[in-house]
file start-v4.csv (CSV, C-alpha atoms)
chain,number,residue,atom,x,y,z
A,826,MET,CA,0.0,0.0,0.0
A,827,ALA,CA,1.4,3.4,-1.0
A,828,GLU,CA,2.4,5.7,1.8
A,829,LYS,CA,-0.1,8.5,2.4
A,830,ARG,CA,0.9,12.0,1.4
A,831,ASP,CA,1.4,14.7,4.0
A,832,TYR,CA,-1.9,16.5,4.6
A,833,TYR,CA,-0.2,19.9,4.7
A,834,GLU,CA,1.5,19.2,1.5
A,835,THR,CA,-1.8,18.0,0.0
A,836,LEU,CA,-3.4,21.4,0.6
A,837,GLY,CA,-0.3,23.4,0.0
A,838,VAL,CA,-0.1,25.0,3.4
A,839,GLY,CA,2.4,25.1,6.3
A,840,LYS,CA,1.9,23.7,9.8
A,841,SER,CA,1.4,27.2,11.1
A,842,ALA,CA,-1.6,27.9,8.7
A,843,THR,CA,-4.7,29.4,10.3
A,844,GLU,CA,-8.1,27.9,10.1
A,845,ASP,CA,-9.1,30.4,7.4
A,846,GLU,CA,-5.9,29.7,5.4
A,847,ILE,CA,-6.6,25.9,5.5
A,848,LYS,CA,-10.2,26.5,4.4
A,849,LYS,CA,-9.1,28.8,1.6
A,850,ALA,CA,-6.5,26.3,0.4
A,851,TYR,CA,-9.0,23.5,0.5
A,852,ARG,CA,-11.5,25.4,-1.7
A,853,LYS,CA,-8.8,26.1,-4.2
A,854,LYS,CA,-7.8,22.4,-4.4
A,855,ALA,CA,-11.4,21.2,-4.4
A,856,LYS,CA,-12.2,23.6,-7.3
A,857,GLU,CA,-9.2,22.5,-9.3
A,858,PHE,CA,-9.9,18.8,-9.0
A,859,HIS,CA,-13.7,18.7,-8.5
A,860,PRO,CA,-15.3,15.8,-10.5
A,861,ASP,CA,-17.9,18.1,-12.1
A,862,LEU,CA,-15.0,20.2,-13.6
A,863,ASN,CA,-12.9,17.1,-14.5
A,864,PRO,CA,-15.3,14.5,-15.9
A,865,ASN,CA,-13.9,11.0,-16.3
A,866,ASP,CA,-10.5,12.1,-14.9
A,867,LYS,CA,-9.4,9.4,-12.4
A,868,SER,CA,-6.3,11.3,-11.4
A,869,ALA,CA,-8.3,14.5,-10.5
A,870,GLU,CA,-10.9,12.3,-8.7
A,871,GLU,CA,-8.2,10.8,-6.5
A,872,LYS,CA,-6.7,14.2,-5.7
A,873,PHE,CA,-10.1,15.5,-4.8
A,874,LYS,CA,-10.5,12.7,-2.3
A,875,GLN,CA,-7.1,13.4,-0.9
A,876,ALA,CA,-8.0,17.1,-0.4
A,877,ASN,CA,-11.2,16.1,1.4
A,878,GLU,CA,-9.3,13.7,3.7
A,879,ALA,CA,-6.7,16.3,4.4
A,880,TYR,CA,-9.2,19.0,5.2
A,881,GLU,CA,-11.3,16.7,7.5
A,882,VAL,CA,-8.2,16.3,9.7
A,883,LEU,CA,-6.6,19.7,9.5
A,884,SER,CA,-10.0,21.5,10.1
A,885,ASP,CA,-10.5,19.6,13.4
A,886,ALA,CA,-8.3,21.0,16.2
A,887,ASP,CA,-8.2,17.7,18.1
A,888,LYS,CA,-7.4,15.6,15.0
A,889,LYS,CA,-4.9,18.2,13.8
A,890,SER,CA,-3.1,18.1,17.2
A,891,ARG,CA,-2.9,14.3,17.1
A,892,TYR,CA,-1.7,14.4,13.4
A,893,ASP,CA,1.0,16.9,14.3
A,894,GLN,CA,2.2,14.7,17.1
A,895,PHE,CA,1.9,11.2,15.7
A,896,GLY,CA,1.4,11.6,11.9
A,897,HIS,CA,-1.2,9.5,10.1
A,898,LYS,CA,-1.2,7.0,12.9
A,899,GLY,CA,-2.6,9.6,15.2
A,900,VAL,CA,-5.8,10.0,13.3
A,901,ASP,CA,-6.3,6.2,12.6
A,902,PRO,CA,-9.6,5.1,14.2
A,903,ASN,CA,-7.8,2.2,15.8
A,904,PHE,CA,-5.1,4.4,17.3
A,905,GLY,CA,-5.1,4.5,21.1
A,906,GLY,CA,-6.6,7.5,22.9
A,907,GLY,CA,-10.2,7.1,22.0
A,908,GLY,CA,-12.5,8.6,19.4
A,909,PRO,CA,-14.3,11.9,19.3
A,910,GLY,CA,-17.0,10.5,21.5
A,911,GLY,CA,-14.2,9.6,23.9
A,912,GLY,CA,-14.4,10.2,27.6
A,913,PHE,CA,-12.5,7.2,28.7
A,914,GLY,CA,-10.4,6.2,25.7
A,915,GLY,CA,-10.7,3.2,23.3
A,916,GLY,CA,-11.6,-0.4,23.9
A,917,ASP,CA,-12.9,-2.2,27.0
A,918,MET,CA,-11.4,-0.7,30.1
A,919,ASP,CA,-11.0,-2.4,33.5
A,920,PHE,CA,-11.4,0.1,36.3
A,921,ASP,CA,-13.9,0.6,39.1
A,922,LEU,CA,-16.5,3.0,37.7
A,923,GLY,CA,-18.5,2.3,40.8
A,924,ASP,CA,-16.0,4.1,42.9
A,925,ILE,CA,-15.9,7.1,40.6
A,926,PHE,CA,-19.7,7.5,40.4
A,927,GLY,CA,-20.3,6.5,44.0
A,928,ASN,CA,-18.1,9.4,45.1
A,929,ILE,CA,-19.7,11.8,42.8
A,930,PHE,CA,-23.3,10.9,43.5
A,931,GLY,CA,-23.0,9.3,46.9
A,932,GLY,CA,-22.8,12.7,48.6
A,933,GLY,CA,-19.3,12.8,50.1
A,934,GLY,CA,-18.8,15.5,52.7
A,935,GLY,CA,-22.5,15.8,53.3
A,936,GLY,CA,-24.3,18.8,54.9
A,937,PHE,CA,-24.4,19.9,58.5
A,938,SER,CA,-27.3,17.9,60.0
A,939,GLY,CA,-27.0,19.9,63.2
A,940,PHE,CA,-28.1,23.0,61.2
A,941,GLY,CA,-31.1,21.4,59.5
A,942,GLY,CA,-29.3,19.8,56.5
A,943,GLY,CA,-31.6,18.2,53.9
A,944,ARG,CA,-32.4,14.6,53.5
A,945,GLN,CA,-29.7,12.5,51.9
A,946,ALA,CA,-30.3,11.2,48.3
A,947,ASN,CA,-30.9,7.5,47.9
A,948,PRO,CA,-27.5,6.1,46.7
A,949,ASN,CA,-29.3,3.3,44.8
A,950,ALA,CA,-31.8,5.5,43.0
A,951,PRO,CA,-31.7,5.4,39.2
A,952,ARG,CA,-29.6,8.1,37.6
A,953,LYS,CA,-29.4,9.2,34.0
A,954,GLY,CA,-26.2,8.4,32.1
A,955,GLU,CA,-23.8,11.1,30.9
A,956,ASP,CA,-24.1,12.7,27.5
A,957,VAL,CA,-21.4,11.8,24.9
A,958,GLN,CA,-19.9,14.2,22.3
A,959,ALA,CA,-18.9,13.3,18.8
A,960,ARG,CA,-18.3,15.2,15.5
A,961,VAL,CA,-18.7,14.3,11.8
A,962,THR,CA,-17.6,16.1,8.6
A,963,ILE,CA,-20.0,16.1,5.6
A,964,SER,CA,-20.0,17.6,2.2
A,965,PHE,CA,-21.8,20.8,1.2
A,966,GLU,CA,-24.4,18.7,-0.8
A,967,GLU,CA,-25.0,16.3,2.1
A,968,ALA,CA,-25.7,19.3,4.4
A,969,ALA,CA,-28.2,20.7,1.8
A,970,LYS,CA,-30.1,17.5,1.1
A,971,GLY,CA,-29.5,15.4,4.3
A,972,CYS,CA,-27.7,12.1,4.6
A,973,LYS,CA,-27.0,9.1,6.9
A,974,ARG,CA,-23.7,8.6,8.6
A,975,THR,CA,-22.3,5.9,10.8
A,976,ILE,CA,-20.3,7.4,13.6
A,977,ASP,CA,-17.7,5.6,15.8
A,978,VAL,CA,-18.5,6.5,19.4
A,979,THR,CA,-16.8,5.3,22.6
A,980,LYS,CA,-19.4,5.2,25.4
A,981,ILE,CA,-20.2,3.4,28.7
A,982,GLU,CA,-22.5,0.4,28.6
A,983,VAL,CA,-23.9,-2.1,31.1
A,984,CYS,CA,-21.3,-4.8,31.8
A,985,PRO,CA,-22.4,-7.9,29.8
A,986,GLU,CA,-21.0,-10.3,32.4
A,987,CYS,CA,-22.8,-9.0,35.6
A,988,GLN,CA,-25.6,-7.1,33.9
A,989,GLY,CA,-24.7,-4.0,35.8
A,990,SER,CA,-24.7,-5.5,39.4
A,991,GLY,CA,-20.9,-5.3,39.7
A,992,ALA,CA,-20.9,-8.8,41.3
A,993,GLU,CA,-19.5,-12.0,40.0
A,994,LYS,CA,-22.0,-14.4,38.3
A,995,GLY,CA,-24.0,-16.3,40.9
A,996,THR,CA,-23.5,-13.7,43.6
A,997,THR,CA,-25.3,-10.4,44.4
A,998,PRO,CA,-24.3,-7.2,46.1
A,999,LYS,CA,-25.3,-7.1,49.8
A,1000,THR,CA,-26.5,-4.2,52.0
A,1001,CYS,CA,-23.6,-2.4,53.6
A,1002,PRO,CA,-23.4,-3.3,57.3
A,1003,GLU,CA,-21.7,-0.1,58.1
A,1004,CYS,CA,-24.4,2.3,56.9
A,1005,ASN,CA,-27.3,-0.1,56.6
A,1006,GLY,CA,-27.7,0.7,52.9
A,1007,LYS,CA,-28.0,4.5,53.4
A,1008,GLY,CA,-24.6,5.3,51.8
A,1009,GLN,CA,-24.0,7.9,54.6
A,1010,VAL,CA,-22.6,7.7,58.1
A,1011,ASN,CA,-22.9,10.3,60.8
A,1012,ALA,CA,-20.0,11.7,62.7
A,1013,GLN,CA,-20.0,14.1,65.7
A,1014,GLN,CA,-17.4,16.7,66.5
A,1015,ARG,CA,-17.0,18.9,69.5
A,1016,THR,CA,-16.3,22.6,68.7
A,1017,PRO,CA,-16.4,25.9,70.7
A,1018,PHE,CA,-19.9,26.2,69.5
A,1019,GLY,CA,-21.0,22.9,70.7
A,1020,VAL,CA,-21.3,19.4,69.2
A,1021,ILE,CA,-21.8,19.5,65.4
A,1022,SER,CA,-23.2,16.4,63.6
A,1023,THR,CA,-22.0,15.9,60.1
A,1024,SER,CA,-22.6,13.2,57.5
A,1025,LYS,CA,-20.2,11.8,54.9
A,1026,ALA,CA,-20.0,9.0,52.4
A,1027,CYS,CA,-19.7,5.6,54.0
A,1028,PRO,CA,-16.0,4.6,53.8
A,1029,LYS,CA,-16.9,0.9,53.5
A,1030,CYS,CA,-19.3,1.1,50.5
A,1031,GLY,CA,-18.1,4.4,49.0
A,1032,GLY,CA,-21.6,5.9,49.4
A,1033,ARG,CA,-23.4,3.2,47.3
A,1034,GLY,CA,-25.2,1.5,50.2
A,1035,LYS,CA,-24.1,-1.9,49.0
A,1036,VAL,CA,-20.9,-3.9,49.0
A,1037,VAL,CA,-19.7,-6.4,46.5
A,1038,GLU,CA,-17.9,-9.3,48.1
A,1039,LYS,CA,-16.9,-10.9,44.9
A,1040,PRO,CA,-16.5,-8.2,42.2
A,1041,CYS,CA,-17.1,-9.0,38.5
A,1042,GLN,CA,-13.8,-9.6,36.8
A,1043,LYS,CA,-14.8,-7.7,33.6
A,1044,CYS,CA,-15.9,-4.5,35.2
A,1045,ARG,CA,-14.1,-4.9,38.6
A,1046,GLY,CA,-17.3,-4.2,40.4
A,1047,GLY,CA,-18.3,-1.0,38.6
A,1048,GLY,CA,-21.2,-2.6,36.7
A,1049,ARG,CA,-20.4,-0.7,33.5
A,1050,VAL,CA,-17.6,-0.9,30.8
A,1051,SER,CA,-16.4,1.4,28.1
A,1052,LYS,CA,-17.0,0.1,24.6
A,1053,LYS,CA,-16.7,1.3,21.0
A,1054,SER,CA,-20.0,1.4,19.1
A,1055,LYS,CA,-21.1,2.3,15.6
A,1056,ILE,CA,-24.2,4.5,15.6
A,1057,GLU,CA,-26.1,5.4,12.4
A,1058,VAL,CA,-27.2,9.0,12.5
A,1059,ASN,CA,-29.8,10.7,10.3
A,1060,ILE,CA,-28.5,14.2,9.4
A,1061,PRO,CA,-31.4,16.4,8.4
A,1062,ALA,CA,-31.5,18.4,5.1
A,1063,GLY,CA,-30.6,22.1,5.7
A,1064,ILE,CA,-28.2,21.6,8.6
A,1065,ASP,CA,-25.4,24.2,8.8
A,1066,ASP,CA,-21.8,24.2,9.7
A,1067,ARG,CA,-21.0,23.8,13.4
A,1068,GLN,CA,-24.6,23.0,14.3
A,1069,VAL,CA,-25.1,20.2,16.9
A,1070,LEU,CA,-27.5,17.3,16.3
A,1071,ASN,CA,-28.9,15.7,19.4
A,1072,VAL,CA,-29.5,11.9,19.3
A,1073,ARG,CA,-31.6,10.9,22.3
A,1074,GLY,CA,-30.7,7.7,24.2
A,1075,GLU,CA,-27.3,7.1,22.5
A,1076,GLY,CA,-25.1,8.4,25.3
A,1077,ASN,CA,-23.7,6.5,28.3
A,1078,PHE,CA,-25.9,4.0,30.0
A,1079,GLY,CA,-27.5,5.1,33.3
A,1080,ILE,CA,-26.7,4.0,36.8
A,1081,ASN,CA,-29.0,1.7,38.8
A,1082,GLY,CA,-31.3,1.2,35.8
A,1083,GLY,CA,-31.5,4.9,35.0
A,1084,PRO,CA,-32.0,6.1,31.4
A,1085,PRO,CA,-29.1,6.5,29.0
A,1086,GLY,CA,-27.7,10.0,28.2
A,1087,ASP,CA,-27.8,11.6,24.7
A,1088,LEU,CA,-25.3,11.8,21.9
A,1089,HIS,CA,-24.4,15.3,20.8
A,1090,VAL,CA,-23.0,15.3,17.2
A,1091,GLU,CA,-21.3,18.5,16.0
A,1092,ILE,CA,-21.7,18.8,12.3
A,1093,PHE,CA,-18.8,20.2,10.2
A,1094,VAL,CA,-19.5,21.1,6.6
A,1095,ARG,CA,-16.7,21.1,4.0
A,1096,PRO,CA,-16.6,24.3,1.9
A,1097,HIS,CA,-17.7,23.9,-1.7
A,1098,PRO,CA,-15.3,24.9,-4.5
A,1099,PHE,CA,-17.9,27.1,-6.3
A,1100,PHE,CA,-21.1,27.2,-4.1
A,1101,GLU,CA,-21.4,29.4,-1.0
A,1102,ARG,CA,-24.1,29.3,1.5
A,1103,ASP,CA,-26.0,32.4,2.7
A,1104,GLY,CA,-28.8,31.3,5.0
A,1105,TYR,CA,-30.8,28.9,2.8
A,1106,ASN,CA,-29.7,30.6,-0.4
A,1107,VAL,CA,-26.8,29.4,-2.5
A,1108,TRP,CA,-24.4,31.8,-4.3
A,1109,CYS,CA,-22.5,30.8,-7.4
A,1110,ASP,CA,-20.2,32.9,-9.5
A,1111,PHE,CA,-20.6,32.0,-13.2
A,1112,THR,CA,-18.0,33.2,-15.7
A,1113,VAL,CA,-19.0,34.1,-19.3
A,1114,ASN,CA,-17.2,35.8,-22.2
A,1115,TYR,CA,-17.8,39.4,-23.5
A,1116,ALA,CA,-19.9,38.3,-26.5
A,1117,GLN,CA,-22.3,36.3,-24.3
A,1118,VAL,CA,-23.1,39.3,-22.0
A,1119,VAL,CA,-23.6,41.6,-25.0
A,1120,LEU,CA,-25.6,39.3,-27.2
A,1121,GLY,CA,-27.2,37.0,-24.6
A,1122,ALA,CA,-26.7,33.3,-24.4
A,1123,SER,CA,-28.2,30.0,-23.5
A,1124,LEU,CA,-26.2,28.6,-20.6
A,1125,LYS,CA,-26.0,25.5,-18.4
A,1126,VAL,CA,-25.3,26.5,-14.9
A,1127,PRO,CA,-24.5,24.1,-12.0
A,1128,THR,CA,-27.0,23.7,-9.1
A,1129,LEU,CA,-27.4,21.3,-6.2
A,1130,ASP,CA,-29.7,19.3,-8.5
A,1131,GLY,CA,-27.2,19.2,-11.4
A,1132,LYS,CA,-26.8,21.5,-14.4
A,1133,VAL,CA,-29.9,23.4,-15.5
A,1134,LYS,CA,-30.6,25.6,-18.5
A,1135,PHE,CA,-30.5,29.4,-18.0
A,1136,GLU,CA,-31.1,32.1,-20.5
A,1137,LEU,CA,-28.7,35.0,-20.1
A,1138,PRO,CA,-30.3,38.2,-21.3
A,1139,ALA,CA,-28.5,40.4,-23.8
A,1140,GLY,CA,-26.8,43.4,-22.3
A,1141,THR,CA,-26.1,41.8,-18.9
A,1142,LYS,CA,-23.7,43.8,-16.8
A,1143,PRO,CA,-20.7,42.3,-15.1
A,1144,GLY,CA,-21.6,41.4,-11.5
A,1145,GLU,CA,-25.4,41.3,-12.2
A,1146,VAL,CA,-27.2,38.8,-10.1
A,1147,PHE,CA,-30.0,36.4,-11.2
A,1148,SER,CA,-32.1,34.2,-9.1
A,1149,LEU,CA,-33.2,30.6,-9.7
A,1150,LYS,CA,-36.2,30.0,-7.4
A,1151,SER,CA,-36.2,27.0,-5.0
A,1152,ARG,CA,-32.8,25.8,-6.2
A,1153,GLY,CA,-31.2,26.5,-2.9
A,1154,ILE,CA,-31.0,24.6,0.4
A,1155,GLN,CA,-33.8,22.7,2.1
A,1156,ILE,CA,-35.2,24.6,5.1
A,1157,LEU,CA,-34.2,22.7,8.2
A,1158,ASN,CA,-37.2,20.9,9.7
A,1159,GLY,CA,-39.5,22.8,7.4
A,1160,ARG,CA,-40.9,23.0,3.9
A,1161,GLY,CA,-39.5,24.7,0.9
A,1162,ARG,CA,-36.0,25.6,-0.3
A,1163,GLY,CA,-34.0,28.8,-0.6
A,1164,ASP,CA,-32.9,30.2,-4.0
A,1165,GLN,CA,-29.8,30.0,-6.0
A,1166,LEU,CA,-28.2,33.3,-6.8
A,1167,ILE,CA,-26.0,33.5,-9.9
A,1168,ARG,CA,-23.5,36.3,-10.1
A,1169,ILE,CA,-22.3,36.9,-13.6
A,1170,MET,CA,-18.5,37.3,-14.0
A,1171,VAL,CA,-17.0,38.4,-17.3
A,1172,ASP,CA,-13.8,36.8,-18.6
A,1173,VAL,CA,-11.7,39.6,-20.2
A,1174,PRO,CA,-9.3,38.2,-22.7
A,1175,LYS,CA,-5.7,39.2,-22.4
A,1176,ASP,CA,-4.0,37.6,-25.4
A,1177,LEU,CA,-5.8,38.9,-28.5
A,1178,ASN,CA,-4.4,38.5,-32.0
A,1179,GLN,CA,-4.2,41.5,-34.3
A,1180,ASN,CA,-7.3,40.6,-36.2
A,1181,GLN,CA,-9.3,40.4,-32.9
A,1182,LYS,CA,-7.9,43.8,-31.8
A,1183,ASP,CA,-8.9,45.4,-35.2
A,1184,LEU,CA,-12.4,44.0,-34.9
A,1185,LEU,CA,-12.8,45.4,-31.4
A,1186,LYS,CA,-11.5,48.8,-32.6
A,1187,GLN,CA,-14.1,48.8,-35.3
A,1188,PHE,CA,-16.8,47.9,-32.8
A,1189,GLN,CA,-15.6,50.7,-30.5
A,1190,ALA,CA,-15.7,53.2,-33.3
A,1191,SER,CA,-19.2,52.1,-34.2
A,1192,LEU,CA,-20.5,53.0,-30.7
A,1193,GLY,CA,-19.6,56.7,-31.2
A,1194,SER,CA,-20.4,58.8,-28.2
A,1195,LYS,CA,-22.1,55.9,-26.4
A,1196,SER,CA,-18.6,54.5,-25.5
A,1197,ALA,CA,-18.0,57.3,-23.0
A,1198,ALA,CA,-17.3,56.1,-19.5
A,1199,PRO,CA,-20.0,56.8,-16.9
A,1200,ASP,CA,-19.6,59.4,-14.3
A,1201,ASP,CA,-18.1,58.2,-11.0
A,1202,ASP,CA,-21.3,59.5,-9.2
A,1203,ASP,CA,-23.5,57.4,-11.4
A,1204,ASP,CA,-21.3,54.4,-10.8
A,1205,ASP,CA,-21.5,54.8,-7.0
A,1206,LYS,CA,-25.3,55.0,-7.2
A,1207,LYS,CA,-25.4,51.7,-8.9
A,1208,GLY,CA,-23.2,50.0,-6.3
A,1209,GLY,CA,-20.0,49.9,-8.3
A,1210,ILE,CA,-19.1,48.0,-11.4
A,1211,PHE,CA,-20.0,44.7,-9.7
A,1212,GLY,CA,-23.6,45.8,-9.0
A,1213,LYS,CA,-25.4,44.2,-6.1
A,1214,LYS,CA,-23.2,42.9,-3.4
A,1215,LYS,CA,-23.7,39.5,-1.9
A,1216,LYS,CA,-24.4,40.5,1.7
call {"tool": "encode", "arguments": {"input": "start-v4.csv", "output": "structure tokens"}}
result
Amino acid sequence: MAEKRDYYETLGVGKSATEDEIKKAYRKKAKEFHPDLNPNDKSAEEKFKQANEAYEVLSDADKKSRYDQFGHKGVDPNFGGGGPGGGFGGGDMDFDLGDIFGNIFGGGGGGFSGFGGGRQANPNAPRKGEDVQARVTISFEEAAKGCKRTIDVTKIEVCPECQGSGAEKGTTPKTCPECNGKGQVNAQQRTPFGVISTSKACPKCGGRGKVVEKPCQKCRGGGRVSKKSKIEVNIPAGIDDRQVLNVRGEGNFGINGGPPGDLHVEIFVRPHPFFERDGYNVWCDFTVNYAQVVLGASLKVPTLDGKVKFELPAGTKPGEVFSLKSRGIQILNGRGRGDQLIRIMVDVPKDLNQNQKDLLKQFQASLGSKSAAPDDDDDDKKGGIFGKKKK
């Protein structure tokens, strides 16, 4: 297998490049090698894929950091350190989660019962699992029309060996004899203000109210294990860059039979080589020659639905904007689509032969006084030679 090319080299930027510089370099490469602009060109298709892969890594601060430190190995899904849903790293992990969550939820330190402290929470009550974070990069077209993606997530699940009890098969946890299942013990302390009664997590059971005499070997008594999972996510049409998609029930499993947490997926959208999003509208600069703007032309312009026929009116000015209704982006969780806005750009030829120059001079002479340049004030009123601005 051929060695992968350096991602910075692929995009033509240095390691100190900013986020905007990386994005700009990607758009340039994507436009150069986009399949629509290079039909049936396998080499261009491969370079387009390489640019996408490089951008997906270098646009992600976490992946970029691991790539800078470990190279391609650092962004390999099988590389140690966990995925974006991380939390506790990759693979099954053997540590006592019960101790961690018992200390957090068992109420260590307690209130001052001598001053009317509230009732202690039941250490064995069901508790919702923690939410998990992940991210995914999709194309401009996928964001516009929606797609399905399978995401690798590392999350905490019920131990398959003990079914969450934390005890070895054939045994069950027992009520803690120290706290009688309350998870809290009282302590009294003499002070200049009198005797103060305080409560703290039971040192024997760690605040859980139960003790496991024979811990499960797989989870070491914690009742939960960390596991890598593949989750298929439906990304709705119209979602925008950096929006977060909430997937209910796909987070960490709960404690004591509590409901699972949620999965929060941050969506990153790769910039398009010639489309640009503006709300639910799509902008596209389309270049024509001088004769086409003067005489008018029948054109085929790119849209999210493929190329469509567009009649360019005679006498079109450089920078003039035309709208294609309902050719934009699907409204998120709604009906209808935005528009596509086409900005006409004129390609001014630089290398004319003598015959072409003579013809242009004849044309200029035929215009007579009409060839005079407009006043600056008139130009300013019209918004400059580029007409209507994008935003």
call {"tool": "closest_residue", "arguments": {"input": "start-v4.csv", "among": "A:Gly1079, A:Gly839, A:Lys970, A:Asp1164", "to": "Arg952 (chain A)", "atoms": "all atoms listed in the file"}}
result
A:Gly1079
call {"tool": "closest_residue", "arguments": {"input": "start-v4.csv", "among": "A:Ala842, A:Ala876, A:Arg1033, A:Thr996", "to": "Glu857 (chain A)", "atoms": "all atoms listed in the file"}}
result
A:Ala876
call {"tool": "closest_residue", "arguments": {"input": "start-v4.csv", "among": "A:Asp956, A:Asp1130, A:Asp1172, A:Glu846", "to": "Val1118 (chain A)", "atoms": "all atoms listed in the file"}}
result
A:Asp1172
call {"tool": "atom_distance", "arguments": {"input": "start-v4.csv", "atom1": "CA of Thr835 (chain A)", "atom2": "CA of Pro1098 (chain A)"}}
result
15.8 Å
call {"tool": "residues_near_point", "arguments": {"input": "start-v4.csv", "point": "(-24.9, 25.9, -17.1)", "cutoff": "12 Å", "atoms": "all atoms listed in the file", "output": "JSON, numbers by chain"}}
result
{"A": [861, 862, 1109, 1110, 1111, 1112, 1113, 1122, 1123, 1124, 1125, 1126, 1127, 1128, 1130, 1131, 1132, 1133, 1134, 1135, 1136, 1137, 1167, 1169]}
call {"tool": "residues_around", "arguments": {"input": "start-v4.csv", "residues": "Lys1035 (chain A)", "least_positions_apart": "5", "cutoff": "6 Å", "atoms": "only C-alpha atoms", "output": "MDAnalysis selection string"}}
result
chainID A and resid 999:1001 1006 1030
call {"tool": "closest_residue", "arguments": {"input": "start-v4.csv", "among": "A:Gln1165, A:Gln958, A:Gln1155, A:Ser1022", "to": "Leu1070 (chain A)", "atoms": "all atoms listed in the file"}}
result
A:Gln958
call {"tool": "residues_around", "arguments": {"input": "start-v4.csv", "residues": "region 1064-1068 of chain A", "least_positions_apart": "3", "cutoff": "8 Å", "atoms": "all atoms listed in the file", "output": "list in words"}}
result
Ala968, Ala969, Gly971, Ile1060, Pro1061, Glu1091, Ile1092, Phe1093, Val1094 and Leu1157 of chain A
call {"tool": "atom_distance", "arguments": {"input": "start-v4.csv", "atom1": "CA of Glu986 (chain A)", "atom2": "CA of Cys1041 (chain A)"}}
result
7.4 Å
call {"tool": "residues_around", "arguments": {"input": "start-v4.csv", "residues": "Gly1104 (chain A)", "least_positions_apart": "5", "cutoff": "10 Å", "atoms": "all atoms listed in the file", "output": "PDB file with C-alpha atoms, keeping the file's coordinate frame"}}
result
ATOM      1  CA  GLY A1063     -30.600  22.100   5.700  1.00  0.00           C
ATOM      2  CA  ASP A1065     -25.400  24.200   8.800  1.00  0.00           C
ATOM      3  CA  GLY A1153     -31.200  26.500  -2.900  1.00  0.00           C
ATOM      4  CA  ILE A1154     -31.000  24.600   0.400  1.00  0.00           C
ATOM      5  CA  ILE A1156     -35.200  24.600   5.100  1.00  0.00           C
ATOM      6  CA  GLY A1163     -34.000  28.800  -0.600  1.00  0.00           C
ATOM      7  CA  ASP A1164     -32.900  30.200  -4.000  1.00  0.00           C
TER       8      ASP A1164
END
call {"tool": "closest_residue", "arguments": {"input": "start-v4.csv", "among": "A:Lys1007, A:His897, A:Arg1015, A:Arg852", "to": "Val1036 (chain A)", "atoms": "only C-alpha atoms"}}
result
A:Lys1007
call {"tool": "residues_around", "arguments": {"input": "start-v4.csv", "residues": "Gly1008 (chain A)", "least_positions_apart": "4", "cutoff": "6 Å", "atoms": "all atoms listed in the file", "output": "list in words"}}
result
Pro948, Cys1004, Ala1026, Cys1027, Gly1032, Arg1033 and Gly1034 of chain A
call {"tool": "closest_residue", "arguments": {"input": "start-v4.csv", "among": "A:Cys972, A:Ala959, A:Tyr832, A:His1089", "to": "Asp887 (chain A)", "atoms": "all atoms listed in the file"}}
result
A:Ala959
call {"tool": "residues_around", "arguments": {"input": "start-v4.csv", "residues": "Ile976 (chain A)", "least_positions_apart": "6", "cutoff": "9 Å", "atoms": "only C-alpha atoms", "output": "CSV table (one decimal) with C-alpha atoms, in the coordinates of the input"}}
result
chain,number,residue,atom,x,y,z
A,959,ALA,CA,-18.9,13.3,18.8
A,960,ARG,CA,-18.3,15.2,15.5
A,961,VAL,CA,-18.7,14.3,11.8
A,1054,SER,CA,-20.0,1.4,19.1
A,1055,LYS,CA,-21.1,2.3,15.6
A,1056,ILE,CA,-24.2,4.5,15.6
A,1057,GLU,CA,-26.1,5.4,12.4
A,1058,VAL,CA,-27.2,9.0,12.5
call {"tool": "atom_distance", "arguments": {"input": "start-v4.csv", "atom1": "CA of Gly896 (chain A)", "atom2": "CA of Tyr880 (chain A)"}}
result
14.6 Å
call {"tool": "residues_near_point", "arguments": {"input": "start-v4.csv", "point": "(-25.5, 24.8, -4.1)", "cutoff": "6 Å", "atoms": "all atoms listed in the file", "output": "PyMOL selection string"}}
result
chain A and resi 1100+1107+1128-1129
call {"tool": "decode", "arguments": {"input": "start-v4.csv", "residues": "region 1072-1079 of chain A", "atoms": "N, CA and C atoms", "output": "tab-separated table (two decimals), in the first residue's frame"}}
result
chain	number	residue	atom	x	y	z
A	1072	VAL	N	-28.96	13.25	19.48
A	1072	VAL	CA	-29.51	11.92	19.28
A	1072	VAL	C	-29.86	11.35	20.65
A	1073	ARG	N	-31.14	11.27	20.94
A	1073	ARG	CA	-31.58	10.86	22.28
A	1073	ARG	C	-31.28	9.39	22.54
A	1074	GLY	N	-30.83	9.12	23.77
A	1074	GLY	CA	-30.65	7.75	24.22
A	1074	GLY	C	-29.41	7.03	23.72
A	1075	GLU	N	-28.52	7.75	23.04
A	1075	GLU	CA	-27.31	7.10	22.51
A	1075	GLU	C	-26.05	7.50	23.28
A	1076	GLY	N	-26.23	8.02	24.50
A	1076	GLY	CA	-25.08	8.37	25.33
A	1076	GLY	C	-24.73	7.23	26.26
A	1077	ASN	N	-24.05	7.55	27.36
A	1077	ASN	CA	-23.66	6.53	28.33
A	1077	ASN	C	-24.89	5.93	29.01
A	1078	PHE	N	-24.82	4.64	29.31
A	1078	PHE	CA	-25.92	3.98	30.02
A	1078	PHE	C	-26.04	4.56	31.43
A	1079	GLY	N	-27.27	4.51	31.96
A	1079	GLY	CA	-27.51	5.08	33.28
A	1079	GLY	C	-27.00	4.19	34.40
